[in-house]
Every structure is written in structure tokens, then in C-alpha cells.
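Undergrad: To start, I am sharing the structure in question, which I have written as C-alpha cells.
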Amino acid sequence: MSRHLRSLVGLTLLALSLLVGVYGLFAVLYRGDSGGNGDTYVTLGGHQVDAQRAGAVAVLVSFIAILVAWLILRRGRRERSDS
């Protein structure tokens with residue numbers, strides 16, 4: 001894979017994972033109309049899902065994707081320094 005393509009893939013993955021992470025944080029902190037009492041739900045794919053669970057999964061996926069993006073970008077930087 002060329003350096004430019006690897007950088008593009010890494011930066012795109014990083015940007016998307018940051019967006020998913022922000023969504024996850026909002027979902028974890030979401031209280032809806034319940035005023036903090038009771039369960040809150042978000043709609044994902046037409047299904048109602050507990051907001052805190054959806055947020056926790058989104059934050060976890062985001063964290064893993066950020067690590068993968070960092071490894072891709074780091075590998076590209078290492079190849080540049082070896083050349």
C-alpha cells in the first residue's frame with residue numbers, strides 16, 4: 001500500500017472513529033425526557049436500544065478504531081523514516 005493511501009485510510013478511520021466516539025459519549029450522557037428517572041432509549045436500525053448500552057458499545061468501538069488508525073499512521077511514518 002502506498003504511503004499516501006495508507007495516510008488517507010488512517011486519517012479517514014481516525015475521523016470516523018472520533019465521530020462514533022462523540023456519538024457514544026452523547027448516548028451515554030443522554031437522559032431524554034425522563035429527567036434522569038427511568039431508562040432512555042435511542043433508535044438504531046429501526047430498533048429501540050438502551051442509550052447507555054449503545055453509547056458504551058460506540059465508545060468501545062471508537063477506542064479500538066482509534067488504536068487501529070494510530071497503528072496504520074505510525075506504520076506509514078516508520079516506513080518514511082526507513083527510506
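Residue names in the C-alpha cells use chain letters A, B, ... in the order shown, residue numbers from 1 in each chain, and ligand numbers from 1 in the order shown.
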Could you give me, as a PyMOL selection string, the residues within 10 Å of range 42-47 of chain A, counting only C-alpha atoms and dropping anything in the same chain fewer than 3 positions from it?

TA: chain A and resi 27+30+32+50-55

Undergrad: Among chain A, which ones does DSSP place in helix (DSSP H, G or I), written as an MDAnalysis selection string?

TA: chainID A and resid 3:29 32:34 51:82

Undergrad: Between A:Val61, A:Ser2, A:Leu71, A:Thr40, which is the closest to Leu19 in chain A once you count only C-alpha atoms?

TA: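 Answer, going by the shortest atom-to-atom distance: A:Val61.
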
Undergrad: Select, from A:Ala58, A:Leu73, A:Val9, A:Val68, the residue with the minimum atom-to-atom distance to Val22 in chain A, counting only C-alpha atoms.

TA: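 Under the stated criterion, the closest residue is A:Ala58.
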
Undergrad: Would you kindly return, as a ChimeraX atom specification, each protein, DNA or RNA residue with an atom no farther than 8 Å from any atom of Ser17 in chain A, considering only C-alpha atoms and excluding same-chain residues fewer than 4 positions away?

TA: /A:13,21,61-63,65-66

Undergrad: My list of candidates is A:Leu5, A:Val20, A:Gly10, A:Leu29. Which is closest to Leu60 in chain A when distances are computed with only C-alpha atoms?

TA: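 Once distances to Leu60 in chain A are computed over only C-alpha atoms, the minimum belongs to A:Val20.
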
Undergrad: Please measure the separation of CA of Ile72 in chain A and CA of Gly24 in chain A, giving the value in Å to one decimal.

TA: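 CA of Gly24 in chain A lies at a distance of 23.2 Å from CA of Ile72 in chain A.
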
Undergrad: One number please: CA of Leu11 in chain A to CA of Ala69 in chain A, in Å, one decimal.

TA: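 Rounded to one decimal, the two atoms are 6.9 Å apart.
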
Undergrad: I'd like to know which residues of chain A are strand (DSSP E) (by DSSP, run on the backbone); could you write them as a PyMOL selection string?

TA: chain A and resi 41-44+47-50

Undergrad: One decimal, in Å: what's the spacing between CA of Leu25 in chain A and CA of Leu8 in chain A?

TA: 25.7 Å
